[in-house]
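Remarks on the structure that follows.
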Amino acid sequence: MNPTHIEHIGIAVKSIEAALPYYENVLGLKCYAVEEVKEQKVKTAFLKVGETKIELLEATDPESTIAKFIEKRGEGVHHIAYAVEGLEQKLQLAAERGVQLIDQKPRKGAEGLNIAFLHPKSTGGVLTELCENPNK
């Protein structure tokens with residue numbers, strides 16, 4: 001697949017407001033964007049560590065995948081996202097190589113990226129997101 005870099009690491013939190021002081025006051029990072037992605041029933045906050053982003057994910061609906069994740073596993077690392085070029089082709093390649101896809105086609109994600117998820121049953125237990133910037 002040849003990802004170009006780690007796009008971000010997604011961390012599920014009960015409350016972005018409650019989580020941000022650790023990232024900003026202890027780690028010294030700066031939140032540069034907060035965004036609601038209504039289709040995914042999630043609010044996100046982004047911070048940067050070098051070129052890699054940390055994405056805090058807060059559920060906006062008790063039936064969202066983030067709410068269910070926190071209910072089942074508690075707060076913590078939710079997924080790792082890799083930047084790729086040619087997202088649709090990368091999904092086809094993953095499927096051809098036996099990877100179970102959560103998303104058969106790319107969809108819109110935070111920060112205007114096109115995204116798709118690979119099932120953790122096929123990725124060594126790690127929920128994997130592939131991201132493509134449509135403006136590049």
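Every chain in the structure tokens has a letter given in the order shown (A, B, ...), and although residue numbers restart at 1 in each chain, ligands are simply numbered from 1 in the order shown.
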I need the strand (DSSP E or B) residues of chain A per DSSP on the backbone, written as number ranges by chain. A: 5-12, 31-37, 42-49, 52-59, 76-83, 101, 107-108, 114-118, 128-132
Long-range neighbours of A:Ala18 as a PyMOL selection string, 12 Å cut-off, only C-alpha atoms, 6 positions minimum in chain: chain A and resi 24-25+45+56+58
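Closest approach to A:Ile9 among A:His79, A:Arg107, A:Lys121, A:Lys136: A:His79, based on only C-alpha atoms.
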Selection near A:Pro3, 6 Å with only C-alpha atoms, sequence-local residues under 5 positions removed, as a PyMOL selection string: chain A and resi 82-84
For stretch 85-96 of chain A, work out the shell of residues within 10 Å, counting only C-alpha atoms and skipping chain neighbours fewer than 3 positions away, then give it as a PyMOL selection string. chain A and resi 1-4+99-101+103-106+114-118+122+130-134+136
I need the residues from that last selection saved to file as a PDB file, in the first residue's frame (with N, CA and C atoms), if you can.
ATOM      1  N   MET A   1       0.805  -1.208   0.000  1.00  0.00           N
ATOM      2  CA  MET A   1       0.000   0.000   0.000  1.00  0.00           C
ATOM      3  C   MET A   1       0.840   1.261   0.000  1.00  0.00           C
ATOM      4  N   ASN A   2       2.010   1.215   0.580  1.00  0.00           N
ATOM      5  CA  ASN A   2       2.937   2.340   0.616  1.00  0.00           C
ATOM      6  C   ASN A   2       2.339   3.639   1.164  1.00  0.00           C
ATOM      7  N   PRO A   3       1.909   3.644   2.431  1.00  0.00           N
ATOM      8  CA  PRO A   3       1.422   4.904   3.012  1.00  0.00           C
ATOM      9  C   PRO A   3       2.537   5.945   2.995  1.00  0.00           C
ATOM     10  N   THR A   4       2.167   7.198   2.852  1.00  0.00           N
ATOM     11  CA  THR A   4       3.174   8.254   2.834  1.00  0.00           C
ATOM     12  C   THR A   4       3.600   8.662   4.247  1.00  0.00           C
ATOM     13  N   VAL A  99      -8.101  -8.734   3.155  1.00  0.00           N
ATOM     14  CA  VAL A  99      -8.418  -7.864   4.276  1.00  0.00           C
ATOM     15  C   VAL A  99      -9.918  -7.571   4.266  1.00  0.00           C
ATOM     16  N   GLN A 100     -10.547  -7.714   5.426  1.00  0.00           N
ATOM     17  CA  GLN A 100     -11.969  -7.391   5.568  1.00  0.00           C
ATOM     18  C   GLN A 100     -12.129  -5.878   5.637  1.00  0.00           C
ATOM     19  N   LEU A 101     -12.940  -5.330   4.748  1.00  0.00           N
ATOM     20  CA  LEU A 101     -13.163  -3.891   4.706  1.00  0.00           C
ATOM     21  C   LEU A 101     -14.390  -3.512   5.527  1.00  0.00           C
ATOM     22  N   ASP A 103     -15.364  -0.212   5.197  1.00  0.00           N
ATOM     23  CA  ASP A 103     -15.886   0.679   4.156  1.00  0.00           C
ATOM     24  C   ASP A 103     -15.496   0.136   2.793  1.00  0.00           C
ATOM     25  N   GLN A 104     -16.483  -0.160   1.970  1.00  0.00           N
ATOM     26  CA  GLN A 104     -16.223  -0.649   0.616  1.00  0.00           C
ATOM     27  C   GLN A 104     -15.785   0.488  -0.309  1.00  0.00           C
ATOM     28  N   LYS A 105     -16.222   1.684   0.019  1.00  0.00           N
ATOM     29  CA  LYS A 105     -15.907   2.887  -0.760  1.00  0.00           C
ATOM     30  C   LYS A 105     -15.486   3.990   0.214  1.00  0.00           C
ATOM     31  N   PRO A 106     -14.658   4.915  -0.229  1.00  0.00           N
ATOM     32  CA  PRO A 106     -14.286   6.036   0.634  1.00  0.00           C
ATOM     33  C   PRO A 106     -15.503   6.881   1.004  1.00  0.00           C
ATOM     34  N   ASN A 114     -10.899  12.114   2.576  1.00  0.00           N
ATOM     35  CA  ASN A 114     -11.642  10.911   2.211  1.00  0.00           C
ATOM     36  C   ASN A 114     -11.044   9.788   3.041  1.00  0.00           C
ATOM     37  N   ILE A 115     -11.909   8.982   3.645  1.00  0.00           N
ATOM     38  CA  ILE A 115     -11.430   7.956   4.575  1.00  0.00           C
ATOM     39  C   ILE A 115     -12.107   6.617   4.309  1.00  0.00           C
ATOM     40  N   ALA A 116     -11.481   5.563   4.804  1.00  0.00           N
ATOM     41  CA  ALA A 116     -12.064   4.220   4.789  1.00  0.00           C
ATOM     42  C   ALA A 116     -11.359   3.405   5.865  1.00  0.00           C
ATOM     43  N   PHE A 117     -12.116   2.515   6.492  1.00  0.00           N
ATOM     44  CA  PHE A 117     -11.573   1.698   7.575  1.00  0.00           C
ATOM     45  C   PHE A 117     -11.418   0.246   7.165  1.00  0.00           C
ATOM     46  N   LEU A 118     -10.355  -0.368   7.698  1.00  0.00           N
ATOM     47  CA  LEU A 118     -10.098  -1.799   7.542  1.00  0.00           C
ATOM     48  C   LEU A 118     -10.406  -2.456   8.879  1.00  0.00           C
ATOM     49  N   SER A 122      -8.727  -8.304  10.508  1.00  0.00           N
ATOM     50  CA  SER A 122      -7.796  -8.569   9.409  1.00  0.00           C
ATOM     51  C   SER A 122      -6.484  -7.803   9.537  1.00  0.00           C
ATOM     52  N   LEU A 130      -7.542   4.418   6.410  1.00  0.00           N
ATOM     53  CA  LEU A 130      -6.774   4.950   5.284  1.00  0.00           C
ATOM     54  C   LEU A 130      -7.375   6.300   4.930  1.00  0.00           C
ATOM     55  N   CYS A 131      -6.517   7.294   4.742  1.00  0.00           N
ATOM     56  CA  CYS A 131      -6.960   8.662   4.484  1.00  0.00           C
ATOM     57  C   CYS A 131      -6.319   9.187   3.206  1.00  0.00           C
ATOM     58  N   GLU A 132      -7.122   9.944   2.456  1.00  0.00           N
ATOM     59  CA  GLU A 132      -6.592  10.587   1.265  1.00  0.00           C
ATOM     60  C   GLU A 132      -7.053  12.037   1.247  1.00  0.00           C
ATOM     61  N   ASN A 133      -6.129  12.930   0.999  1.00  0.00           N
ATOM     62  CA  ASN A 133      -6.476  14.331   0.861  1.00  0.00           C
ATOM     63  C   ASN A 133      -6.915  14.560  -0.585  1.00  0.00           C
ATOM     64  N   PRO A 134      -8.204  14.864  -0.820  1.00  0.00           N
ATOM     65  CA  PRO A 134      -8.681  15.027  -2.186  1.00  0.00           C
ATOM     66  C   PRO A 134      -8.112  16.260  -2.883  1.00  0.00           C
ATOM     67  N   LYS A 136      -4.936  17.061  -3.021  1.00  0.00           N
ATOM     68  CA  LYS A 136      -3.527  16.855  -3.430  1.00  0.00           C
ATOM     69  C   LYS A 136      -3.462  16.108  -4.729  1.00  0.00           C
TER      70      LYS A 136
END
